[in-house]
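protein-v8.cif follows (mmCIF, C-alpha atoms and all ligand atoms):
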```
data_upload
loop_
_atom_site.label_atom_id
_atom_site.label_comp_id
_atom_site.auth_asym_id
_atom_site.auth_seq_id
_atom_site.Cartn_x
_atom_site.Cartn_y
_atom_site.Cartn_z
CA VAL U 1 0.00 0.00 0.00
CA SER U 2 1.46 3.32 -1.06
CA SER U 3 0.40 6.77 0.03
CA ILE U 4 -0.24 9.81 -2.09
CA SER U 5 1.89 12.03 0.11
CA GLY U 6 5.09 13.05 -1.61
CA GLN U 7 4.18 11.53 -4.98
CA ARG U 8 5.03 13.68 -7.98
CA ILE U 9 1.95 13.77 -10.19
CA VAL U 10 1.43 15.48 -13.53
CA VAL U 11 -2.21 16.11 -14.43
CA ALA U 12 -2.85 16.93 -18.10
CA GLY U 13 -5.98 18.99 -18.66
CA SER U 14 -7.46 21.70 -16.43
CA GLY U 15 -11.18 21.16 -17.01
CA ALA U 16 -13.55 20.04 -14.26
CA LEU U 17 -11.92 16.62 -13.95
CA GLY U 18 -8.25 17.67 -14.09
CA SER U 19 -8.83 20.59 -11.74
CA ALA U 20 -10.75 18.45 -9.24
CA ILE U 21 -8.08 15.76 -9.34
CA ALA U 22 -5.23 18.26 -8.99
CA TRP U 23 -6.91 19.88 -5.98
CA ARG U 24 -7.75 16.53 -4.38
CA LEU U 25 -4.22 15.11 -4.78
CA GLN U 26 -2.42 18.31 -3.78
CA THR U 27 -4.44 18.58 -0.57
CA ALA U 28 -3.54 14.96 0.17
CA GLY U 29 0.14 15.89 0.12
CA ALA U 30 1.16 15.09 -3.46
CA ASN U 31 3.29 17.46 -5.52
CA VAL U 32 1.04 18.13 -8.47
CA THR U 33 1.72 19.97 -11.70
CA LEU U 34 -1.35 20.81 -13.77
CA ALA U 35 -0.50 21.25 -17.45
CA ASP U 36 -2.79 22.69 -20.13
CA ALA U 37 -1.99 25.01 -23.05
CA ALA U 38 -5.53 26.36 -23.12
CA ALA U 39 -6.52 29.40 -21.07
CA PRO U 40 -8.41 28.56 -17.85
CA GLY U 41 -12.05 27.84 -18.68
CA ASP U 42 -11.48 27.56 -22.43
CA ASN U 43 -12.95 24.06 -22.54
CA ALA U 44 -16.23 22.16 -22.16
CA SER U 45 -16.07 22.62 -18.41
CA GLY U 46 -15.91 26.41 -18.69
CA ILE U 47 -19.03 26.74 -20.85
CA ALA U 48 -21.12 24.06 -19.13
CA ALA U 49 -24.43 24.90 -17.49
CA GLY U 50 -23.19 23.59 -14.13
CA MET U 51 -26.23 21.46 -13.37
CA LEU U 52 -25.62 18.68 -10.84
CA ALA U 53 -28.65 16.76 -11.95
CA PRO U 54 -28.92 13.10 -10.93
CA ALA U 55 -32.72 13.19 -11.16
CA PHE U 56 -33.35 14.84 -14.50
CA GLU U 57 -30.35 13.20 -16.15
CA ALA U 58 -31.64 9.76 -15.12
CA VAL U 59 -35.01 10.61 -16.63
CA LEU U 60 -34.18 12.69 -19.70
CA ASP U 61 -30.90 11.25 -20.96
CA GLU U 62 -31.15 7.83 -22.57
CA SER U 63 -27.64 6.83 -21.57
CA SER U 64 -28.19 7.70 -17.88
CA ARG U 65 -31.41 5.69 -17.53
CA ASP U 66 -31.35 3.59 -14.39
CA ARG U 67 -28.23 5.37 -13.14
CA PHE U 68 -29.93 7.59 -10.58
CA ALA U 69 -28.21 5.89 -7.61
CA LEU U 70 -24.78 6.34 -9.17
CA LEU U 71 -25.44 9.95 -10.17
CA LYS U 72 -26.89 10.77 -6.76
CA ALA U 73 -23.83 9.30 -5.06
CA ALA U 74 -21.72 11.55 -7.32
CA ARG U 75 -23.78 14.56 -6.27
CA ASP U 76 -23.37 13.59 -2.62
CA ALA U 77 -19.60 13.67 -3.00
CA TRP U 78 -19.83 17.43 -3.61
CA PRO U 79 -20.51 18.92 -0.14
CA ALA U 80 -17.35 17.47 1.45
CA PHE U 81 -15.35 18.25 -1.68
CA VAL U 82 -16.41 21.89 -1.86
CA GLU U 83 -15.86 22.63 1.82
CA GLY U 84 -12.17 23.40 1.44
CA LEU U 85 -12.94 25.48 -1.65
CA GLU U 86 -15.33 27.87 0.08
CA PRO U 87 -12.55 30.37 0.94
CA PHE U 88 -11.83 30.50 -2.81
CA GLY U 89 -15.44 31.13 -3.84
CA GLY U 90 -16.55 27.54 -4.42
CA ARG U 91 -20.28 27.24 -3.77
CA LEU U 92 -23.15 24.84 -4.40
CA GLU U 93 -26.73 25.93 -5.04
CA ARG U 94 -29.01 23.28 -3.56
CA CYS U 95 -31.93 24.80 -5.38
CA GLY U 96 -33.73 21.85 -6.98
CA ALA U 97 -34.84 21.81 -10.61
CA ILE U 98 -38.19 21.94 -12.38
CA TRP U 99 -39.87 20.53 -15.47
CA VAL U 100 -42.28 22.75 -17.40
CA GLY U 101 -44.72 21.38 -19.95
CA ASP U 102 -48.35 20.52 -20.60
CA GLU U 103 -50.41 18.38 -18.21
CA ALA U 104 -49.53 15.11 -19.93
CA SER U 105 -45.78 15.75 -19.96
CA GLN U 106 -45.88 16.78 -16.31
CA ALA U 107 -47.70 13.62 -15.29
CA GLU U 108 -45.22 11.55 -17.27
CA THR U 109 -42.19 13.37 -15.83
CA LEU U 110 -43.51 13.14 -12.26
CA ALA U 111 -43.99 9.38 -12.63
CA ALA U 112 -40.58 8.90 -14.27
CA LEU U 113 -38.79 10.86 -11.54
CA ARG U 114 -40.50 8.87 -8.80
CA ASP U 115 -39.86 5.57 -10.62
CA THR U 116 -36.17 6.29 -10.80
CA GLY U 117 -36.08 6.95 -7.05
CA ALA U 118 -35.95 10.74 -7.13
CA GLN U 119 -37.99 13.04 -4.93
CA ALA U 120 -40.63 14.84 -7.04
CA ASP U 121 -43.76 16.95 -6.55
CA ARG U 122 -46.22 18.95 -8.63
CA LEU U 123 -46.17 22.72 -8.14
CA SER U 124 -49.07 25.04 -8.96
CA ALA U 125 -48.61 28.00 -11.33
CA GLU U 126 -48.34 30.32 -8.31
CA GLU U 127 -45.76 28.16 -6.55
CA THR U 128 -43.75 27.91 -9.76
CA ALA U 129 -43.80 31.68 -10.24
CA ARG U 130 -42.53 32.20 -6.69
CA LEU U 131 -39.68 29.76 -7.24
CA SER U 132 -38.70 31.05 -10.66
CA PRO U 133 -39.71 34.67 -11.31
CA GLY U 134 -40.11 35.51 -15.00
CA LEU U 135 -40.95 31.94 -16.01
CA THR U 136 -44.12 31.29 -17.99
CA ALA U 137 -45.71 28.12 -16.62
CA PRO U 138 -49.51 28.43 -16.66
CA ALA U 139 -49.94 24.70 -16.02
CA GLY U 140 -47.49 24.69 -13.12
CA SER U 141 -44.43 22.46 -13.02
CA VAL U 142 -42.79 19.36 -11.56
CA PHE U 143 -40.15 20.05 -8.92
CA THR U 144 -37.35 17.80 -7.68
CA SER U 145 -35.09 18.79 -4.80
CA ASP U 146 -32.52 16.20 -5.93
CA ASP U 147 -30.85 18.38 -8.57
CA TRP U 148 -28.41 21.13 -7.63
CA ARG U 149 -26.30 23.66 -9.50
CA LEU U 150 -22.98 25.42 -9.46
CA ASP U 151 -21.39 28.25 -11.41
CA ALA U 152 -18.94 26.46 -13.69
CA GLY U 153 -16.58 29.37 -14.33
CA ARG U 154 -16.48 30.29 -10.68
CA MET U 155 -15.89 26.69 -9.55
CA LEU U 156 -13.03 26.25 -12.03
CA ALA U 157 -11.43 29.42 -10.65
CA ALA U 158 -11.97 28.26 -7.05
CA MET U 159 -10.30 24.89 -7.73
CA ARG U 160 -7.38 26.59 -9.46
CA ASP U 161 -6.90 29.19 -6.72
CA GLY U 162 -7.21 26.55 -4.00
CA PHE U 163 -4.74 24.31 -5.80
CA LEU U 164 -2.20 27.14 -6.16
CA ALA U 165 -2.67 28.16 -2.52
CA GLU U 166 -1.86 24.57 -1.48
CA GLY U 167 1.43 24.80 -3.38
CA GLY U 168 0.32 23.20 -6.65
CA GLN U 169 2.04 24.24 -9.87
CA THR U 170 0.60 25.01 -13.28
CA ARG U 171 2.13 24.98 -16.76
CA SER U 172 0.69 26.63 -19.87
CA ALA U 173 1.73 23.80 -22.17
CA ASP U 174 0.18 20.54 -23.29
CA LEU U 175 1.55 17.14 -22.44
CA ALA U 176 3.44 15.67 -25.40
CA SER U 177 4.58 12.25 -24.17
CA VAL U 178 5.23 10.07 -21.16
CA ALA U 179 8.19 7.71 -20.81
CA ASP U 180 10.30 6.25 -18.02
CA GLY U 181 8.81 8.24 -15.18
CA ALA U 182 8.99 11.55 -17.03
CA ALA U 183 6.31 13.70 -18.63
CA ARG U 184 7.44 15.82 -21.57
CA LEU U 185 5.49 18.98 -22.31
CA GLU U 186 5.09 20.46 -25.78
CA ASP U 187 7.38 23.37 -24.90
CA GLY U 188 10.17 20.88 -24.19
CA GLU U 189 10.07 20.93 -20.40
CA VAL U 190 10.49 17.52 -18.80
CA LEU U 191 8.81 16.83 -15.43
CA ARG U 192 9.72 13.84 -13.27
CA ALA U 193 6.47 12.04 -12.46
CA ASP U 194 5.55 9.04 -10.35
CA ALA U 195 2.23 9.10 -12.20
CA VAL U 196 0.57 11.02 -15.01
CA VAL U 197 -3.19 11.56 -15.09
CA LEU U 198 -4.78 12.28 -18.47
CA ALA U 199 -7.82 14.49 -17.91
CA THR U 200 -8.00 15.79 -21.44
CA GLY U 201 -11.68 15.09 -22.20
CA LEU U 202 -11.02 13.01 -25.31
CA ALA U 203 -7.72 11.21 -25.92
CA PRO U 204 -5.05 13.95 -26.05
CA GLU U 205 -4.40 14.77 -29.71
CA SER U 206 -0.93 16.06 -29.03
CA MET U 207 0.16 12.73 -27.56
CA SER U 208 1.16 10.11 -30.09
CA ASP U 209 1.59 7.44 -27.43
CA ALA U 210 -1.65 7.80 -25.48
CA PRO U 211 -3.05 4.52 -24.10
CA PRO U 212 -5.04 2.88 -26.91
CA GLU U 213 -8.22 2.45 -24.82
CA ALA U 214 -8.57 6.24 -24.76
CA ARG U 215 -9.19 6.08 -28.53
CA ARG U 216 -12.56 4.47 -27.82
CA LEU U 217 -13.97 7.84 -26.81
CA HIS U 218 -16.03 9.84 -29.28
CA PRO U 219 -16.94 13.55 -29.32
CA ILE U 220 -20.39 15.08 -28.75
CA LYS U 221 -20.49 18.77 -29.52
CA GLY U 222 -22.71 21.04 -27.47
CA GLN U 223 -23.80 24.58 -28.27
CA ILE U 224 -25.14 26.77 -25.49
CA LEU U 225 -26.22 30.40 -25.14
CA ARG U 226 -25.15 32.89 -22.50
CA THR U 227 -27.67 35.62 -22.02
CA GLY U 228 -27.43 39.00 -20.38
CA SER U 229 -30.89 38.27 -19.06
CA GLY U 230 -33.09 35.52 -17.66
CA PRO U 231 -32.90 34.13 -14.13
CA THR U 232 -29.73 34.65 -12.09
CA SER U 233 -30.77 32.36 -9.23
CA GLY U 234 -33.24 29.60 -8.43
CA PRO U 235 -33.74 26.18 -10.00
CA ALA U 236 -32.68 25.07 -13.46
CA VAL U 237 -35.75 24.86 -15.68
CA ARG U 238 -36.12 21.88 -18.01
CA ALA U 239 -38.58 21.58 -20.88
CA LYS U 240 -38.83 19.61 -24.11
CA GLY U 241 -35.64 20.20 -26.10
CA VAL U 242 -34.19 22.92 -23.90
CA TYR U 243 -33.09 23.96 -20.44
CA VAL U 244 -32.50 27.33 -18.84
CA ALA U 245 -29.90 27.29 -16.07
CA PRO U 246 -29.65 30.42 -13.91
CA ALA U 247 -26.19 31.94 -13.54
CA SER U 248 -24.90 35.01 -11.75
CA GLY U 249 -24.19 36.91 -14.97
CA GLY U 250 -27.39 35.81 -16.77
CA ALA U 251 -28.94 32.48 -17.65
CA ALA U 252 -27.50 29.73 -19.85
CA VAL U 253 -29.80 28.22 -22.47
CA GLY U 254 -28.79 24.83 -23.76
CA ALA U 255 -27.83 22.67 -25.30
CA THR U 256 -27.32 20.62 -28.45
CA MET U 257 -26.01 17.03 -28.47
CA GLU U 258 -24.21 16.71 -31.80
CA GLN U 259 -22.85 13.18 -32.00
CA GLY U 260 -19.47 12.74 -33.66
CA ARG U 261 -18.75 16.48 -33.86
CA GLY U 262 -15.46 17.63 -32.33
CA ASP U 263 -15.42 21.21 -33.62
CA ARG U 264 -16.46 24.31 -31.70
CA ASP U 265 -18.05 26.24 -34.57
CA ILE U 266 -21.15 28.29 -33.80
CA ASP U 267 -24.18 27.64 -35.94
CA PRO U 268 -26.44 30.77 -36.07
CA GLU U 269 -29.49 28.63 -36.81
CA VAL U 270 -28.91 26.68 -33.58
CA THR U 271 -28.46 29.93 -31.68
CA GLU U 272 -31.83 31.19 -32.90
CA ARG U 273 -33.58 27.88 -32.16
CA LEU U 274 -32.24 27.79 -28.59
CA ARG U 275 -33.20 31.40 -28.09
CA SER U 276 -36.74 30.83 -29.26
CA LEU U 277 -37.15 27.68 -27.12
CA GLY U 278 -35.73 29.58 -24.14
CA ALA U 279 -38.06 32.50 -24.78
CA GLN U 280 -41.07 30.19 -24.59
CA LEU U 281 -40.05 29.68 -20.95
CA PHE U 282 -38.67 33.12 -20.13
CA PRO U 283 -40.20 35.69 -22.53
CA ALA U 284 -37.44 38.19 -21.63
CA LEU U 285 -35.00 36.00 -23.56
CA ALA U 286 -36.68 36.91 -26.87
CA THR U 287 -34.97 40.29 -26.93
CA ALA U 288 -32.01 39.68 -24.60
CA SER U 289 -28.47 39.93 -25.90
CA VAL U 290 -27.02 36.44 -26.31
CA SER U 291 -23.64 34.99 -27.11
CA ALA U 292 -23.21 31.41 -28.23
CA GLU U 293 -20.48 29.04 -27.09
CA ALA U 294 -19.60 25.50 -28.05
CA GLY U 295 -17.78 22.74 -26.23
CA VAL U 296 -16.92 19.13 -26.90
CA ARG U 297 -18.03 16.39 -24.54
CA ALA U 298 -16.25 13.04 -24.65
CA SER U 299 -18.16 9.77 -24.38
CA SER U 300 -17.17 6.16 -23.98
CA PRO U 301 -19.21 3.38 -25.64
CA ASP U 302 -21.35 2.86 -22.50
CA GLY U 303 -21.66 6.56 -21.62
CA LEU U 304 -19.76 6.22 -18.34
CA PRO U 305 -16.34 7.81 -17.86
CA MET U 306 -12.99 6.09 -17.89
CA ALA U 307 -11.33 6.68 -14.52
CA GLY U 308 -8.49 4.56 -13.25
CA ARG U 309 -5.28 2.86 -14.26
CA SER U 310 -4.62 2.65 -18.01
CA SER U 311 -2.88 -0.13 -19.93
CA ARG U 312 0.34 1.91 -19.89
CA ALA U 313 2.46 1.87 -16.74
CA GLY U 314 2.30 5.10 -14.76
CA ILE U 315 -0.56 6.58 -16.79
CA TRP U 316 -4.02 7.05 -15.28
CA LEU U 317 -7.12 8.16 -17.15
CA ALA U 318 -9.96 10.48 -16.15
CA LEU U 319 -11.76 10.90 -19.46
CA GLY U 320 -15.13 10.63 -21.14
CA ALA U 321 -17.43 12.26 -18.57
CA ARG U 322 -19.92 12.94 -21.38
CA ARG U 323 -22.64 15.38 -20.26
CA ASN U 324 -22.09 14.97 -16.52
CA GLY U 325 -18.49 15.98 -15.95
CA TRP U 326 -19.36 18.53 -13.30
CA LEU U 327 -21.66 16.16 -11.48
CA LEU U 328 -19.05 13.39 -11.52
CA ALA U 329 -15.87 15.40 -10.84
CA PRO U 330 -15.47 14.85 -7.06
CA MET U 331 -16.38 11.17 -7.33
CA LEU U 332 -13.85 10.60 -10.11
CA ALA U 333 -11.18 12.57 -8.23
CA GLU U 334 -11.75 10.19 -5.33
CA VAL U 335 -11.42 7.15 -7.60
CA ILE U 336 -8.07 8.44 -8.90
CA ALA U 337 -6.88 9.35 -5.39
CA GLN U 338 -7.76 5.91 -4.03
CA GLY U 339 -6.06 4.23 -6.95
CA LEU U 340 -2.87 6.23 -6.56
CA ALA U 341 -2.88 5.56 -2.82
CA GLY U 342 -3.17 1.84 -3.51
CA GLU U 343 -6.41 1.71 -1.57
CA ALA U 344 -9.32 -0.58 -2.31
CA ALA U 345 -11.57 0.83 -5.00
CA GLY U 346 -14.87 2.26 -3.80
CA PRO U 347 -18.21 0.75 -4.83
CA TRP U 348 -18.45 2.61 -8.15
CA ALA U 349 -14.83 2.47 -9.32
CA GLN U 350 -15.25 -0.78 -11.21
CA LEU U 351 -17.86 0.79 -13.49
CA PHE U 352 -15.25 3.33 -14.60
CA ASP U 353 -12.41 0.87 -15.31
CA PRO U 354 -10.75 2.22 -18.49
CA LEU U 355 -10.02 -1.35 -19.63
CA ARG U 356 -13.63 -2.56 -19.52
CA PHE U 357 -14.02 -2.40 -23.30
CA GLU U 358 -10.85 -4.34 -24.08
CA PRO U 359 -11.24 -7.95 -25.22
C1 LIG U 401 -22.94 22.81 -23.69
C2 LIG U 401 -22.55 21.91 -22.56
C3 LIG U 401 -23.26 21.95 -21.37
C4 LIG U 401 -22.92 21.10 -20.32
N1 LIG U 401 -23.62 21.17 -19.14
C5 LIG U 401 -23.27 20.36 -18.11
C6 LIG U 401 -23.94 20.43 -16.87
O1 LIG U 401 -24.86 21.22 -16.71
N2 LIG U 401 -23.56 19.59 -15.87
C7 LIG U 401 -22.54 18.69 -16.02
O2 LIG U 401 -22.23 17.95 -15.09
N3 LIG U 401 -21.86 18.61 -17.18
C8 LIG U 401 -22.21 19.42 -18.23
N4 LIG U 401 -21.55 19.33 -19.42
C9 LIG U 401 -20.52 18.30 -19.57
C10 LIG U 401 -19.23 18.77 -18.97
O3 LIG U 401 -18.95 20.05 -19.45
C11 LIG U 401 -18.12 17.80 -19.34
O4 LIG U 401 -18.48 16.48 -18.99
C12 LIG U 401 -16.87 18.21 -18.59
O5 LIG U 401 -16.57 19.54 -18.92
C13 LIG U 401 -15.70 17.33 -18.89
O6 LIG U 401 -14.62 17.86 -18.19
P1 LIG U 401 -13.16 17.41 -18.54
O7 LIG U 401 -12.27 18.02 -17.52
O8 LIG U 401 -13.12 15.94 -18.72
O9 LIG U 401 -12.87 17.98 -20.01
P2 LIG U 401 -12.70 19.44 -20.61
O10 LIG U 401 -13.48 20.46 -19.90
O11 LIG U 401 -12.93 19.27 -22.07
O12 LIG U 401 -11.17 19.79 -20.35
C14 LIG U 401 -10.14 19.09 -20.97
C15 LIG U 401 -8.91 19.96 -20.95
O13 LIG U 401 -7.81 19.19 -21.42
C16 LIG U 401 -6.95 20.06 -22.14
N5 LIG U 401 -6.05 19.25 -22.96
C17 LIG U 401 -6.30 18.58 -24.12
N6 LIG U 401 -5.21 17.95 -24.55
C18 LIG U 401 -4.23 18.19 -23.63
C19 LIG U 401 -2.87 17.78 -23.49
N7 LIG U 401 -2.27 16.97 -24.37
N8 LIG U 401 -2.18 18.21 -22.41
C20 LIG U 401 -2.77 19.01 -21.48
N9 LIG U 401 -4.05 19.42 -21.56
C21 LIG U 401 -4.77 19.02 -22.63
C22 LIG U 401 -7.90 20.97 -22.89
O14 LIG U 401 -7.26 22.17 -23.27
C23 LIG U 401 -9.00 21.19 -21.86
O15 LIG U 401 -8.78 22.36 -21.10
C24 LIG U 401 -21.86 20.18 -20.48
C25 LIG U 401 -21.13 20.16 -21.67
C26 LIG U 401 -21.46 21.01 -22.70
C27 LIG U 401 -20.65 20.97 -23.95
#
```
Spit out the file's structure as structure tokens when you get a sec.
Amino acid sequence: VSSISGQRIVVAGSGALGSAIAWRLQTAGANVTLADAAAPGDNASGIAAGMLAPAFEAVLDESSRDRFALLKAARDAWPAFVEGLEPFGGRLERCGAIWVGDEASQAETLAALRDTGAQADRLSAEETARLSPGLTAPAGSVFTSDDWRLDAGRMLAAMRDGFLAEGGQTRSADLASVADGAARLEDGEVLRADAVVLATGLAPESMSDAPPEARRLHPIKGQILRTGSGPTSGPAVRAKGVYVAPASGGAAVGATMEQGRGDRDIDPEVTERLRSLGAQLFPALATASVSAEAGVRASSPDGLPMAGRSSRAGIWLALGARRNGWLLAPMLAEVIAQGLAGEAAGPWAQLFDPLRFEP
């Protein structure tokens, strides 16, 4: 049994997963270097809506069906994780989430939420209006207290600041290769490393010798709108084909799921469609200023992440979090920390084994 303390770890990728892992390992006494050529937040994690949504994901996303218990356990890893980040501005909003739609869709959603094991209730039009000012919901809504939120940009900054305050180091360069206990960055710097963690979303393009199992991941592009308007607090609002997630600077309206697309181009037609769907919920969005952003999610064949030891000695993977990278980040950081410490894997770790697709 080894301990994390004193281990030299290089984490490649400073999105939700890499940042959570770097923070977790550094606070456990490791000497972590977090390497990423991209500017902080210039990734899927930085544009995400920040919903921590075990309930609605288990009901609305085909590939998360029947995974409520897992997703809820991931959510429940957040409070302890965020505690040390509070001085750096890390905060959870335990605000619940609501579904808005006609009578039939509400009845169906209520039943589906309860079937999956989530808490769920009907709210009247008046109750809905109190919870989410500005929302048009004449038929009321379905509320679950099981879904929470965070501000993605703010949480990324909190993890980074906390990590630096704990003595962690950052590099503005991508990882190029790993060999013989050394990580080589694209700018030529070589870092001694007892272990390297790839948290690069998809397999890192810059690395010719990435573990082959990482090539099983595929991209899913997502476009999302930032508005200068809409709700700044309260529950995320879900409806057919759209969600509106409150954020301090103005709501996020999302999002597309474009299978196989790894680009970040903005499609004006998509922007207009999201705006008009969002405006059906919050009429103020019809005339609000919006800016569109795109990010690339990474998915494995079964929709669950790869987190754990790879087929290459000294290389660990934390990839493929698909559309729940924020929800899963503390749980996956724990899986990596336990693995590096040589501790027994927790109850969920086996599901994330990067080698599960290999013959
Ligand atoms: C529109 C949209 C909305 C979303 N909403 C939510 C939500 O509400 N809730 C939720 O839980 N999830 C959401 N997601 C999903 C979530 O954003 C992802 O699952 C999560 O961001 C994945 O985090 P990550 O750290 O694995 O990858 P990323 O955020 O993609 O970060 C990977 C990083 O690795 C870096 N990198 C790449 N190659 C190298 C290399 N060779 N060396 C070093 N660094 C490298 C990149 O520059 C990047 O910064 C959303 C996604 C999208 C696109």
Around all the atoms of ligand LIG 401 (chain U) listed in the file, draw an axis-aligned box and extend it by 8 Å on each of the six sides; I want its centre and edge lengths in Å to one decimal, as JSON.
```
{"center_x": -13.5, "center_y": 19.4, "center_z": -19.8, "size_x": 38.7, "size_y": 22.9, "size_z": 25.5}
```
Extract, using all atoms listed in the file, all DNA, RNA and protein residues at most 9 Å from Gly230 in chain U, discarding same-chain residues fewer than 3 positions from it, and format them as JSON, numbers by chain.
{"U": [134, 135, 227, 244, 245, 246, 247, 250, 251, 252, 282, 283, 284, 285, 288]}
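Excluding Arg122 in chain U and any residue on its chain fewer than 5 positions from it, the residues at most 10 Å away by only C-alpha atoms are Ile98, Trp99, Gln106, Ala107, Thr109, Leu110, Glu127, Thr128, Gly140, Ser141, Val142, Phe143 and Thr144 of chain U.
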Using all atoms listed in the file, can you tell me which of U:Ala139, U:Leu113, U:Met306, U:Ala120 comes closest to ligand LIG 401 (chain U)?
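Ranked by minimum distance to ligand LIG 401 (chain U), first place goes to U:Met306.
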Nearest candidate to Ser64 in chain U (options U:Thr116, U:Ser276, U:Thr271, U:Arg215; using all atoms listed in the file)
U:Thr116
Of the candidates U:Ala294, U:Ala44, U:Ala77, U:Leu351, which one gets nearest to Ala16 in chain U if we count all atoms listed in the file?
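The closest residue to Ala16 in chain U is U:Ala44.
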When you look at range 49-58 of chain U with a cut-off of 8 Å (counting all atoms listed in the file), what residues show up, excluding the ones that are within fewer than 4 positions of it in the same chain? I need them as a ChimeraX atom specification.
/U:62,64-69,71-72,75,113,116,118,144,146-152,236,245,252,254,324,326-327
Separation of CA of Glu126 in chain U from atom C6 of ligand LIG 401 (chain U), in Å and rounded to one decimal
27.7 Å
Mind giving me the straight-line distance from CA of Ala137 in chain U to CA of Pro268 in chain U in Å, one decimal?
27.5 Å
Could you please determine the separation between atom O8 of ligand LIG 401 (chain U) and CA of Thr256 in chain U in Å, to one decimal place?
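Taking atom O8 of ligand LIG 401 (chain U) as the start and CA of Thr256 in chain U as the end point, the length is 17.8 Å.
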